[in-house]
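Undergrad: Once you've had a glance at the structure underneath, I'll fire off some questions.
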Amino acid sequence: MLTIAEQSFTSRLFVGTGKFSSQQQMQSAITASGSNMATLALRRIDLNHREGDVLAPLQQLNIQLLPNTSGARTAKEAISAALIARELLATNWVKLEIHPNSHHLLPDPMATVSAAEALVKLGFIVLPYCFPDPLLCQTLAEVGCAAVMPLAAPIGSNKGVTMPDMLAYIIEDSPVPVVIDAGLGKPSDAAIAMEMGADAVLVNTAIATAPNPAAMAACFAQAVKTGRKTYEIGYASQSGASASSPLTAFFNHA
Amino acid sequence: MPSQSLDELLANIDDSKLLKLAEQARRLTRQRFGANIELYTPIYLSNYCANRCSYCSFSADNLVARTKLSDEQLAREIALIKARGIDHVLIVTGEHPKQANISHFLRWLGQLKQHFNSVSIECQQLSLAQYQQLTQAGLDGVYLYQETYNEQTYRRVHLSGFKKDYHRRLQAPFDMANAGVRRIGLGILLGLHDNWRSEAKHLLTTARQLRQRYPNSDISISLPRLRDSHLFATDHAAAKALLQIIVAARLYEPSISIALSTREPAWVRDLLMPYGVTSASVASKTAPGGHQNELTLAQFAISDERSVDEFCQALRALYLMPVQKNWHHGIN
């Protein structure tokens, strides 16, 4: 079972909440996903529960909330956002997102490290969204992040796993769980990430903007399970098992 | 998706081609922005104006009662707007260096920030240092429209006042970007110049230039329209032109915010909303104190007069999500 910061998760699929067309649609998709954790932007949390609020509908579901700092452009803004979210939601979990450039929405690595370090010291359980850079992920783990969340492809691009070699290095070496975030467009993309040994994936756009989000969420859930199972069994080219190796006979003669 | 040149996107194309582009723009918008439409309302604080502009009812030579909200009137206006559930407001003023200047803006901003999560401004062109002051005080965006990018037309409709300087105004968004303004609003007033395609081309070229040079500023565009202009024979013709500009903007600059205001009739707004629009004004009053007093002079006539609830219902029918809060005071 997946454990992050001593918390167990039965599902390895995490979901985003920012792109649905209605609260009901979001609820039914999350339920169908079987996910135990949903991320929500602080800027969309509305304690007055006006139109577009994501908090109230999520609270009706039995799901852990992972507030995120989306919209923050600097380390300082991300820290402010995390502190406000902690107060509003009474959780010290935070998904750290810093993208200064809203055109590409790529995370700022330097700002992410410095904010992560500060937030860990403030007692946060920090899950940073980051570029799939093995050295960066190593640094983020060293400063105390509870997991790392490297992107598969730019947010919302639906391009799938675009840098498998880098993700493989990260997965191989990471001392903390690796959650592949952003860019997974199809269930097969999620399966690829899971087969590689990712601990979990986070999906938003591919579910929320699908013609039928709930049905698509169920497909992702299946793909994540199958991908994980495949990794655990070890697929053919990696298993190394061969019942009839000629070397067996050779060694038996020796 | 093959990337198309701006000239191709804004060319005189047949309906079937426009329909195809519109569908691409709709999909790209959902992919980037989800189904969200951010709601805001303008809050008019002063109609004093030292400019003479041929198209605006606030123009200095219009013999109308001038007014500026007192702190008490502003408090009442705030209460009325909040009661409607609005959380994003846009300060709007006429351009008058004595009646509405940086010290007023800072005071109003301070008052409004206590009540709303996002406050932006549409006022006269300010200096880089003043934009900096406002940004540091928590302003989220500045909207300043070139109105027309055609220099000759610009000179014809701006009769006197600071706004008359075409080149000075062109510089404004770059000053804002250098000052660190988070969201920069560009716009053209459709109907001033007779070639809307060239206006849109200039607008979007400026947007791209800004985005590339200042990647940390968000760009928003608005396409207000003079309803009594001869440019479009009917609302139907105008809606088609607006659709093409919105679609071109989305496909040319996928990350741009696109606002569609209550100047347009409800049917035009509902028709165009899915194809690239990301924010919409609602329950607008275009006179200072307009939420508490219907009698003061409005800057322009509102066409879509639906209430917040009615507008939200219309958005939901289009499978769009009205978003009243999309920022949190205190992050910046």
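Just so we're on the same page: first chain in the structure tokens is A, next is B, and so on; residues restart at 1 for each chain, and ligands are numbered from 1 in the order they show up.
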Define the interface residues of chain B facing chain A as those within 6 Å, counting only C-alpha atoms, and report them as number ranges by chain.
TA: B: 31-32, 34-35, 215-216, 255, 319-328, 331-332
Undergrad: Please identify which residues in segment 149-187 of chain A DSSP calls strand (DSSP E or B) from the backbone, and express them as a PyMOL selection string.
TA: chain A and resi 149-151+178-181
Undergrad: Can you pull out the residues contacting Ala215 of chain A? Cut-off 12 Å, using only C-alpha atoms, and skip same-chain residues under 6 positions away; I want them as a JSON list (two decimals) with C-alpha atoms, in the first residue's frame.
TA:
```json
[["chain", "number", "residue", "atom", "x", "y", "z"],
["A", 25, "GLN", "CA", -19.59, 16.41, -12.34],
["A", 26, "MET", "CA", -16.50, 16.74, -10.14],
["A", 28, "SER", "CA", -19.12, 11.86, -9.60],
["A", 29, "ALA", "CA", -15.73, 11.74, -11.35],
["A", 30, "ILE", "CA", -13.84, 11.63, -8.06],
["A", 31, "THR", "CA", -16.11, 8.93, -6.71],
["A", 32, "ALA", "CA", -15.61, 6.88, -9.88],
["A", 33, "SER", "CA", -11.85, 7.36, -9.65],
["A", 34, "GLY", "CA", -11.73, 5.65, -6.26],
["A", 187, "PRO", "CA", -5.28, 5.94, -19.16],
["A", 206, "ALA", "CA", -7.61, 14.27, -18.88],
["A", 207, "ILE", "CA", -10.50, 13.42, -16.57],
["A", 208, "ALA", "CA", -12.18, 16.81, -16.15],
["A", 209, "THR", "CA", -12.27, 17.71, -19.83],
["A", 221, "ALA", "CA", -8.44, 3.90, -11.98],
["A", 222, "GLN", "CA", -8.21, 0.60, -13.86]]
```
Undergrad: Quick one: distance from atom CA of Leu170 of chain B to atom CA of Val89 of chain B in Å, one decimal?
TA: 24.9 Å
Undergrad: Please list as number ranges by chain every residue within 12 Å of Leu80 of chain B, counting only C-alpha atoms and excluding residues in the same chain fewer than 5 positions away.
TA: B: 41, 43, 73-75, 85-87, 115, 283-285, 289-293
Undergrad: Quick check for you: according to DSSP on this backbone, which residues of segment 94-262 of chain B are classed as alpha helix (DSSP H)? Reply as a PyMOL selection string.
TA: chain B and resi 102-113+128-136+151-157+166-179+196-213+235-252
Undergrad: If we count only C-alpha atoms and set the cut-off at 8 Å, which residues sit around Leu109 of chain B, ignoring sequence neighbours fewer than 2 positions away in its own chain? Please answer as a PyMOL selection string.
TA: chain B and resi 105-107+111-113+119+137-139
Undergrad: I need the residues from that last selection saved to file as an mmCIF file, in the first residue's frame (with N, CA, C and O atoms), if you can.
TA:
```cif
data_model
loop_
_atom_site.group_PDB
_atom_site.id
_atom_site.type_symbol
_atom_site.label_atom_id
_atom_site.label_comp_id
_atom_site.auth_asym_id
_atom_site.auth_seq_id
_atom_site.Cartn_x
_atom_site.Cartn_y
_atom_site.Cartn_z
ATOM 1 N N PHE B 105 -6.443 56.352 -5.739
ATOM 2 C CA PHE B 105 -6.442 54.931 -6.114
ATOM 3 C C PHE B 105 -5.920 54.063 -4.966
ATOM 4 O O PHE B 105 -6.453 52.995 -4.688
ATOM 5 N N LEU B 106 -4.859 54.545 -4.325
ATOM 6 C CA LEU B 106 -4.293 53.772 -3.211
ATOM 7 C C LEU B 106 -5.290 53.660 -2.065
ATOM 8 O O LEU B 106 -5.443 52.599 -1.448
ATOM 9 N N ARG B 107 -6.014 54.756 -1.808
ATOM 10 C CA ARG B 107 -6.979 54.723 -0.706
ATOM 11 C C ARG B 107 -8.138 53.768 -1.042
ATOM 12 O O ARG B 107 -8.542 52.936 -0.239
ATOM 13 N N GLN B 111 -9.330 50.195 0.746
ATOM 14 C CA GLN B 111 -10.686 49.940 1.246
ATOM 15 C C GLN B 111 -11.284 48.679 0.590
ATOM 16 O O GLN B 111 -11.874 47.838 1.264
ATOM 17 N N LEU B 112 -11.090 48.557 -0.714
ATOM 18 C CA LEU B 112 -11.687 47.432 -1.439
ATOM 19 C C LEU B 112 -11.013 46.098 -1.093
ATOM 20 O O LEU B 112 -11.672 45.055 -1.036
ATOM 21 N N LYS B 113 -9.702 46.141 -0.868
ATOM 22 C CA LYS B 113 -8.981 44.894 -0.555
ATOM 23 C C LYS B 113 -9.481 44.256 0.744
ATOM 24 O O LYS B 113 -9.297 43.071 0.965
ATOM 25 N N VAL B 119 -8.801 42.807 -6.778
ATOM 26 C CA VAL B 119 -9.143 44.182 -7.173
ATOM 27 C C VAL B 119 -8.224 44.602 -8.321
ATOM 28 O O VAL B 119 -6.999 44.506 -8.220
ATOM 29 N N ALA B 137 0.794 47.537 -3.300
ATOM 30 C CA ALA B 137 -0.332 47.673 -2.372
ATOM 31 C C ALA B 137 -1.377 46.571 -2.587
ATOM 32 O O ALA B 137 -2.432 46.589 -1.957
ATOM 33 N N GLY B 138 -1.082 45.643 -3.515
ATOM 34 C CA GLY B 138 -1.972 44.492 -3.667
ATOM 35 C C GLY B 138 -2.916 44.539 -4.857
ATOM 36 O O GLY B 138 -3.828 43.721 -4.962
ATOM 37 N N LEU B 139 -2.673 45.477 -5.779
ATOM 38 C CA LEU B 139 -3.522 45.516 -6.979
ATOM 39 C C LEU B 139 -3.235 44.289 -7.845
ATOM 40 O O LEU B 139 -2.086 43.908 -8.024
#
```
Undergrad: Using only C-alpha atoms for the distances, tell me which of B:Ser103, B:Leu190, B:His230, B:Ala241 is nearest to Ile13 of chain B.
TA: B:Ala241
Undergrad: What is the atom CA of Thr39 of chain A-atom CA of Leu65 of chain A distance in Å, reported with one decimal?
TA: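 According to the coordinates, atom CA of Thr39 of chain A and atom CA of Leu65 of chain A are separated by 5.9 Å.
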